[in-house]
Amino acid sequence: MSFLKRSPWILHYAATSCNGCDIELLACLTPLYDLERFGIINTGNPKHADILLVTGSVNEESRRVLENLYQQMPEPKAVLAIGACAMSGGIFHPAYNVYGGIDQVIPVDVYVPGCAARPEAIIDGVVQVLAILDERTKTRKRQRRAAVQAQERHP
Ligand code: SF4
């Protein structure tokens, strides 16, 4: 498996719910689990982020924020849904204002199950999403090269 040549930047958004998965995600960034060993940098700015990590289910209020964050992220980008709430709404799914999982609002690349999701599972999900992002980066480079070559052939 090849990885990105540069450091991927991650953005975390807690859509709602109990914050149990947020605690586990933060544990991943501590020296104990050391997610930064993959060269990952945590950012608060969607315009700098390559990977969106989302915890919690989506409701009317968080839907707009989630869409906004996703749209501000540059291509190529990837999304990780962390925990049962982000996957399907979890225990909050029957609530009147809950849409369900975050894939009701934005495309999701990798799902990390659990309530709460364990740090090891989150790290495994991040590694999977890194490989997806790597492939997307290569595809974009190939497309850009093909476009330049086509322009050179037919200026
Ligand atoms: S999946 Fe469980 S621990 Fe995670 S936010 Fe939902 S209720 Fe909390």
# chains A, B, ... in the order shown; residues from 1 in each chain; ligands from 1
>>> select_by_dssp(residues="segment 25-79 of chain A", states="strand (DSSP E or B)", output="ChimeraX atom specification")
/A:41-42,51-55,58-59,78-79
>>> residues_near_ligand(ligand="ligand 1", cutoff="8 Å", atoms="only C-alpha atoms and all ligand atoms", output="short mmCIF file (atom, residue, chain, number, x, y, z; two decimals) with N, CA and C atoms, in the first residue's frame")
data_model
loop_
_atom_site.label_atom_id
_atom_site.label_comp_id
_atom_site.auth_asym_id
_atom_site.auth_seq_id
_atom_site.Cartn_x
_atom_site.Cartn_y
_atom_site.Cartn_z
N THR A 16 -23.48 15.73 16.22
CA THR A 16 -24.36 15.79 17.41
C THR A 16 -23.98 14.63 18.33
N SER A 17 -24.96 14.08 19.01
CA SER A 17 -24.83 12.85 19.81
C SER A 17 -24.06 13.04 21.11
N CYS A 18 -23.53 11.93 21.66
CA CYS A 18 -23.11 11.96 23.06
C CYS A 18 -21.66 12.36 23.27
N ASN A 19 -20.90 12.50 22.18
CA ASN A 19 -19.48 12.87 22.22
C ASN A 19 -18.55 11.74 22.67
N GLY A 20 -19.10 10.54 22.86
CA GLY A 20 -18.24 9.40 23.22
C GLY A 20 -17.21 9.12 22.13
N CYS A 21 -17.64 9.18 20.88
CA CYS A 21 -16.71 8.93 19.77
C CYS A 21 -15.69 10.05 19.64
N ASP A 22 -16.07 11.26 20.02
CA ASP A 22 -15.11 12.38 19.96
C ASP A 22 -13.95 12.14 20.92
N THR A 55 -18.19 12.54 13.55
CA THR A 55 -18.81 11.74 14.59
C THR A 55 -20.24 12.26 14.81
N GLY A 56 -21.12 11.38 15.25
CA GLY A 56 -22.48 11.81 15.58
C GLY A 56 -23.43 11.77 14.42
N SER A 57 -24.71 11.74 14.75
CA SER A 57 -25.76 11.70 13.73
C SER A 57 -26.05 13.11 13.21
N ILE A 82 -17.46 8.06 11.73
CA ILE A 82 -16.95 7.36 12.92
C ILE A 82 -18.08 7.08 13.92
N GLY A 83 -18.32 5.79 14.17
CA GLY A 83 -19.30 5.38 15.18
C GLY A 83 -20.69 5.13 14.60
N ALA A 84 -21.50 4.43 15.38
CA ALA A 84 -22.85 4.04 14.94
C ALA A 84 -23.71 5.25 14.60
N CYS A 85 -23.56 6.34 15.33
CA CYS A 85 -24.38 7.53 15.06
C CYS A 85 -24.07 8.11 13.69
N ALA A 86 -22.78 8.23 13.37
CA ALA A 86 -22.39 8.79 12.06
C ALA A 86 -22.74 7.82 10.94
N GLY A 89 -27.21 6.98 12.46
CA GLY A 89 -28.02 7.71 13.43
C GLY A 89 -27.95 7.04 14.80
N GLY A 90 -27.56 5.75 14.81
CA GLY A 90 -27.37 5.01 16.06
C GLY A 90 -28.60 5.06 16.95
N ILE A 91 -28.38 5.21 18.23
CA ILE A 91 -29.50 5.22 19.18
C ILE A 91 -30.37 6.46 19.04
N PHE A 92 -29.86 7.47 18.32
CA PHE A 92 -30.64 8.71 18.14
C PHE A 92 -31.50 8.66 16.89
N PRO A 113 -17.38 1.24 12.53
CA PRO A 113 -18.46 0.87 13.45
C PRO A 113 -18.03 1.00 14.92
N GLY A 114 -19.02 0.92 15.80
CA GLY A 114 -18.75 0.92 17.24
C GLY A 114 -19.53 1.99 17.95
N CYS A 115 -19.80 1.75 19.22
CA CYS A 115 -20.49 2.72 20.07
C CYS A 115 -19.91 2.57 21.48
N ALA A 116 -18.88 3.27 21.78
CA ALA A 116 -18.16 4.18 20.89
C ALA A 116 -17.19 3.41 19.99
N ALA A 117 -16.80 4.06 18.87
CA ALA A 117 -15.78 3.47 18.00
C ALA A 117 -14.46 3.42 18.77
#
>>> residues_around(residues="Glu61 of chain A", least_positions_apart="3", cutoff="10 Å", atoms="only C-alpha atoms", output="list in words")
Ala15, Thr16, Val58, Arg64, Val65, Leu66, Asn97 and Val98 of chain A
>>> select_by_dssp(residues="chain A", states="helix (DSSP H, G or I)", output="compact mmCIF listing (two decimals) with N, CA, C and O atoms, in the first residue's frame")
# COMPACT_ATOMS: atom_id res chain seq x y z
N GLY A 20 -19.10 10.54 22.86
CA GLY A 20 -18.24 9.40 23.22
C GLY A 20 -17.21 9.12 22.13
O GLY A 20 -16.03 8.87 22.42
N CYS A 21 -17.64 9.18 20.88
CA CYS A 21 -16.71 8.93 19.77
C CYS A 21 -15.69 10.05 19.64
O CYS A 21 -14.56 9.81 19.20
N ASP A 22 -16.07 11.26 20.02
CA ASP A 22 -15.11 12.38 19.96
C ASP A 22 -13.95 12.14 20.92
O ASP A 22 -12.80 12.41 20.60
N ILE A 23 -14.29 11.63 22.09
CA ILE A 23 -13.25 11.34 23.10
C ILE A 23 -12.28 10.30 22.55
O ILE A 23 -11.06 10.41 22.70
N GLU A 24 -12.84 9.27 21.88
CA GLU A 24 -11.99 8.21 21.33
C GLU A 24 -11.12 8.76 20.20
O GLU A 24 -9.96 8.38 20.05
N LEU A 25 -11.71 9.64 19.39
CA LEU A 25 -10.94 10.24 18.29
C LEU A 25 -9.80 11.10 18.84
O LEU A 25 -8.67 11.05 18.34
N LEU A 26 -10.10 11.85 19.89
CA LEU A 26 -9.04 12.68 20.49
C LEU A 26 -7.95 11.81 21.08
O LEU A 26 -6.76 12.16 21.03
N ALA A 27 -8.35 10.64 21.61
CA ALA A 27 -7.35 9.71 22.15
C ALA A 27 -6.39 9.26 21.05
O ALA A 27 -5.19 9.04 21.30
N CYS A 28 -6.90 9.16 19.82
CA CYS A 28 -6.05 8.75 18.69
C CYS A 28 -4.94 9.75 18.43
O CYS A 28 -3.89 9.41 17.89
N LEU A 35 -1.74 9.02 16.09
CA LEU A 35 -2.19 9.05 14.70
C LEU A 35 -1.26 9.88 13.83
O LEU A 35 -1.16 9.67 12.62
N GLU A 36 -0.53 10.80 14.46
CA GLU A 36 0.36 11.67 13.71
C GLU A 36 1.54 10.93 13.11
O GLU A 36 2.27 11.47 12.28
N ARG A 37 1.70 9.66 13.50
CA ARG A 37 2.81 8.89 12.92
C ARG A 37 2.62 8.70 11.42
O ARG A 37 3.55 8.38 10.70
N PHE A 38 1.38 8.87 10.94
CA PHE A 38 1.12 8.77 9.50
C PHE A 38 1.31 10.12 8.81
O PHE A 38 0.93 10.28 7.67
N PRO A 46 -11.48 24.02 6.96
CA PRO A 46 -11.86 23.07 5.89
C PRO A 46 -11.10 23.30 4.60
O PRO A 46 -10.90 22.36 3.82
N LYS A 47 -10.67 24.54 4.35
CA LYS A 47 -9.96 24.83 3.10
C LYS A 47 -8.56 24.22 3.08
O LYS A 47 -7.91 24.17 2.04
N HIS A 48 -8.08 23.78 4.25
CA HIS A 48 -6.76 23.14 4.32
C HIS A 48 -6.89 21.63 4.46
O HIS A 48 -5.87 20.94 4.48
N GLU A 60 -31.23 18.66 11.54
CA GLU A 60 -31.44 19.81 10.66
C GLU A 60 -30.36 20.87 10.83
O GLU A 60 -29.87 21.45 9.85
N GLU A 61 -29.96 21.09 12.08
CA GLU A 61 -28.96 22.13 12.34
C GLU A 61 -27.58 21.73 11.83
O GLU A 61 -26.89 22.51 11.17
N SER A 62 -27.16 20.50 12.15
CA SER A 62 -25.80 20.09 11.77
C SER A 62 -25.70 19.78 10.28
O SER A 62 -24.61 19.81 9.72
N ARG A 63 -26.82 19.50 9.62
CA ARG A 63 -26.80 19.20 8.18
C ARG A 63 -26.17 20.35 7.39
O ARG A 63 -25.29 20.14 6.56
N ARG A 64 -26.61 21.57 7.70
CA ARG A 64 -26.11 22.72 6.94
C ARG A 64 -24.61 22.92 7.16
O ARG A 64 -23.87 23.22 6.24
N VAL A 65 -24.19 22.76 8.43
CA VAL A 65 -22.77 22.95 8.75
C VAL A 65 -21.93 21.88 8.03
O VAL A 65 -20.89 22.18 7.44
N LEU A 66 -22.42 20.64 8.09
CA LEU A 66 -21.68 19.53 7.47
C LEU A 66 -21.53 19.74 5.97
O LEU A 66 -20.44 19.59 5.41
N GLU A 67 -22.61 20.11 5.32
CA GLU A 67 -22.56 20.37 3.86
C GLU A 67 -21.58 21.50 3.56
O GLU A 67 -20.78 21.41 2.63
N ASN A 68 -21.64 22.54 4.38
CA ASN A 68 -20.78 23.71 4.20
C ASN A 68 -19.30 23.33 4.33
O ASN A 68 -18.47 23.69 3.50
N LEU A 69 -18.98 22.56 5.37
CA LEU A 69 -17.59 22.15 5.58
C LEU A 69 -17.10 21.32 4.40
O LEU A 69 -16.01 21.53 3.87
N TYR A 70 -17.94 20.36 3.99
CA TYR A 70 -17.56 19.45 2.90
C TYR A 70 -17.31 20.24 1.62
O TYR A 70 -16.34 20.00 0.91
N GLN A 71 -18.20 21.18 1.32
CA GLN A 71 -18.06 21.95 0.08
C GLN A 71 -16.82 22.84 0.08
O GLN A 71 -16.25 23.13 -0.97
N GLN A 72 -16.39 23.26 1.26
CA GLN A 72 -15.21 24.13 1.33
C GLN A 72 -13.90 23.37 1.18
O GLN A 72 -12.86 23.97 0.91
N GLY A 83 -18.32 5.79 14.17
CA GLY A 83 -19.30 5.38 15.18
C GLY A 83 -20.69 5.13 14.60
O GLY A 83 -21.02 5.56 13.49
N ALA A 84 -21.50 4.43 15.38
CA ALA A 84 -22.85 4.04 14.94
C ALA A 84 -23.71 5.25 14.60
O ALA A 84 -24.50 5.20 13.65
N CYS A 85 -23.56 6.34 15.33
CA CYS A 85 -24.38 7.53 15.06
C CYS A 85 -24.07 8.11 13.69
O CYS A 85 -24.97 8.45 12.94
N ALA A 86 -22.78 8.23 13.37
CA ALA A 86 -22.39 8.79 12.06
C ALA A 86 -22.74 7.82 10.94
O ALA A 86 -22.99 8.23 9.82
N MET A 87 -22.77 6.53 11.25
CA MET A 87 -23.08 5.53 10.22
C MET A 87 -24.57 5.48 9.90
O MET A 87 -24.97 5.37 8.76
N SER A 88 -25.41 5.57 10.96
CA SER A 88 -26.84 5.33 10.72
C SER A 88 -27.77 6.19 11.58
O SER A 88 -28.97 6.10 11.44
N GLY A 90 -27.56 5.75 14.81
CA GLY A 90 -27.37 5.01 16.06
C GLY A 90 -28.60 5.06 16.95
O GLY A 90 -29.73 5.01 16.46
N ILE A 91 -28.38 5.21 18.23
CA ILE A 91 -29.50 5.22 19.18
C ILE A 91 -30.37 6.46 19.04
O ILE A 91 -31.48 6.52 19.56
N PHE A 92 -29.86 7.47 18.32
CA PHE A 92 -30.64 8.71 18.14
C PHE A 92 -31.50 8.66 16.89
O PHE A 92 -32.24 9.61 16.61
N ILE A 102 -24.46 10.24 8.37
CA ILE A 102 -24.00 11.43 7.63
C ILE A 102 -24.07 11.22 6.12
O ILE A 102 -24.02 12.19 5.37
N ASP A 103 -24.19 9.94 5.67
CA ASP A 103 -24.29 9.73 4.22
C ASP A 103 -25.65 10.17 3.67
O ASP A 103 -25.89 10.10 2.47
N GLN A 104 -26.53 10.62 4.53
CA GLN A 104 -27.77 11.26 4.07
C GLN A 104 -27.48 12.66 3.52
O GLN A 104 -28.32 13.25 2.84
N PRO A 119 -10.39 3.40 19.40
CA PRO A 119 -9.27 4.09 18.74
C PRO A 119 -8.60 3.23 17.67
O PRO A 119 -8.23 3.74 16.61
N GLU A 120 -8.44 1.93 17.94
CA GLU A 120 -7.78 1.06 16.95
C GLU A 120 -8.60 1.01 15.66
O GLU A 120 -8.04 0.99 14.55
N ALA A 121 -9.95 0.97 15.80
CA ALA A 121 -10.82 0.93 14.62
C ALA A 121 -10.76 2.26 13.87
O ALA A 121 -10.79 2.30 12.63
N ILE A 122 -10.67 3.36 14.62
CA ILE A 122 -10.59 4.68 13.97
C ILE A 122 -9.28 4.78 13.17
O ILE A 122 -9.28 5.22 12.02
N ILE A 123 -8.19 4.34 13.78
CA ILE A 123 -6.89 4.39 13.08
C ILE A 123 -6.94 3.51 11.83
O ILE A 123 -6.46 3.90 10.76
N ASP A 124 -7.57 2.33 11.95
CA ASP A 124 -7.71 1.44 10.79
C ASP A 124 -8.51 2.15 9.68
O ASP A 124 -8.15 2.08 8.50
N GLY A 125 -9.57 2.85 10.07
CA GLY A 125 -10.38 3.59 9.11
C GLY A 125 -9.59 4.70 8.44
O GLY A 125 -9.69 4.93 7.23
N VAL A 126 -8.76 5.39 9.22
CA VAL A 126 -7.94 6.48 8.66
C VAL A 126 -6.94 5.91 7.65
O VAL A 126 -6.72 6.48 6.57
N VAL A 127 -6.35 4.75 7.97
CA VAL A 127 -5.39 4.13 7.04
C VAL A 127 -6.11 3.77 5.73
O VAL A 127 -5.57 4.00 4.64
N GLN A 128 -7.33 3.25 5.83
CA GLN A 128 -8.11 2.93 4.61
C GLN A 128 -8.40 4.19 3.80
O GLN A 128 -8.29 4.20 2.57
N VAL A 129 -8.77 5.25 4.50
CA VAL A 129 -9.13 6.48 3.80
C VAL A 129 -7.88 7.13 3.18
O VAL A 129 -7.96 7.76 2.12
N LEU A 130 -6.72 6.95 3.80
CA LEU A 130 -5.47 7.47 3.22
C LEU A 130 -5.21 6.81 1.87
O LEU A 130 -4.79 7.46 0.91
N ALA A 131 -5.46 5.49 1.80
CA ALA A 131 -5.24 4.77 0.54
C ALA A 131 -6.21 5.28 -0.54
O ALA A 131 -5.83 5.44 -1.70
N ILE A 132 -7.46 5.55 -0.16
CA ILE A 132 -8.45 6.08 -1.12
C ILE A 132 -8.02 7.46 -1.61
O ILE A 132 -8.07 7.75 -2.79
N LEU A 133 -7.58 8.28 -0.67
CA LEU A 133 -7.15 9.64 -1.03
C LEU A 133 -5.93 9.60 -1.95
O LEU A 133 -5.83 10.37 -2.91
N ASP A 134 -5.03 8.68 -1.66
CA ASP A 134 -3.84 8.49 -2.48
C ASP A 134 -4.23 8.15 -3.92
O ASP A 134 -3.71 8.72 -4.88
N GLU A 135 -5.19 7.24 -4.07
CA GLU A 135 -5.65 6.83 -5.40
C GLU A 135 -6.32 8.00 -6.12
O GLU A 135 -6.10 8.20 -7.32
N ARG A 136 -7.12 8.77 -5.40
CA ARG A 136 -7.78 9.93 -6.01
C ARG A 136 -6.76 10.98 -6.48
O ARG A 136 -6.93 11.60 -7.52
N THR A 137 -5.72 11.16 -5.67
CA THR A 137 -4.67 12.12 -6.04
C THR A 137 -4.00 11.68 -7.33
O THR A 137 -3.78 12.49 -8.24
N LYS A 138 -3.70 10.38 -7.43
CA LYS A 138 -3.05 9.86 -8.64
C LYS A 138 -3.97 10.00 -9.84
O LYS A 138 -3.53 10.37 -10.93
N THR A 139 -5.26 9.70 -9.67
CA THR A 139 -6.23 9.80 -10.77
C THR A 139 -6.30 11.23 -11.27
O THR A 139 -6.31 11.49 -12.48
N ARG A 140 -6.34 12.19 -10.35
CA ARG A 140 -6.41 13.60 -10.75
C ARG A 140 -5.16 14.02 -11.52
O ARG A 140 -5.24 14.74 -12.50
N LYS A 141 -4.00 13.51 -11.07
CA LYS A 141 -2.75 13.84 -11.77
C LYS A 141 -2.79 13.28 -13.19
O LYS A 141 -2.39 13.95 -14.14
N ARG A 142 -3.26 12.02 -13.32
CA ARG A 142 -3.35 11.39 -14.65
C ARG A 142 -4.28 12.20 -15.56
O ARG A 142 -3.97 12.45 -16.71
N GLN A 143 -5.44 12.60 -15.01
CA GLN A 143 -6.42 13.36 -15.80
C GLN A 143 -5.84 14.70 -16.23
O GLN A 143 -6.03 15.13 -17.37
N ARG A 144 -5.12 15.34 -15.31
CA ARG A 144 -4.54 16.64 -15.63
C ARG A 144 -3.49 16.50 -16.73
O ARG A 144 -3.42 17.28 -17.67
N ARG A 145 -2.66 15.42 -16.62
CA ARG A 145 -1.62 15.18 -17.62
C ARG A 145 -2.26 14.92 -18.98
O ARG A 145 -1.81 15.43 -20.00
N ALA A 146 -3.34 14.10 -19.00
CA ALA A 146 -4.02 13.78 -20.25
C ALA A 146 -4.62 15.04 -20.86
O ALA A 146 -4.58 15.22 -22.08
N ALA A 147 -5.14 15.93 -20.02
CA ALA A 147 -5.74 17.17 -20.53
C ALA A 147 -4.68 18.06 -21.15
O ALA A 147 -4.88 18.66 -22.22
N VAL A 148 -3.49 18.13 -20.51
CA VAL A 148 -2.39 18.95 -21.04
C VAL A 148 -1.91 18.38 -22.36
O VAL A 148 -1.71 19.10 -23.34
N GLN A 149 -1.78 17.03 -22.42
CA GLN A 149 -1.32 16.39 -23.66
C GLN A 149 -2.32 16.62 -24.79
O GLN A 149 -1.94 16.88 -25.93
N ALA A 150 -3.62 16.53 -24.46
CA ALA A 150 -4.65 16.75 -25.48
C ALA A 150 -4.59 18.18 -26.00
O ALA A 150 -4.75 18.43 -27.20
N GLN A 151 -4.31 19.10 -25.10
CA GLN A 151 -4.22 20.52 -25.51
C GLN A 151 -2.99 20.77 -26.39
O GLN A 151 -3.04 21.54 -27.33
N GLU A 152 -1.91 20.05 -26.05
CA GLU A 152 -0.69 20.20 -26.85
C GLU A 152 -0.87 19.63 -28.26
O GLU A 152 -0.35 20.16 -29.24
N ARG A 153 -1.66 18.53 -28.35
CA ARG A 153 -1.91 17.91 -29.67
C ARG A 153 -2.84 18.77 -30.51
O ARG A 153 -2.70 18.86 -31.71
>>> closest_residue(among="A:Gly100, A:Val54, A:His93, A:Ala81", to="Val112 of chain A", atoms="only C-alpha atoms")
A:Ala81
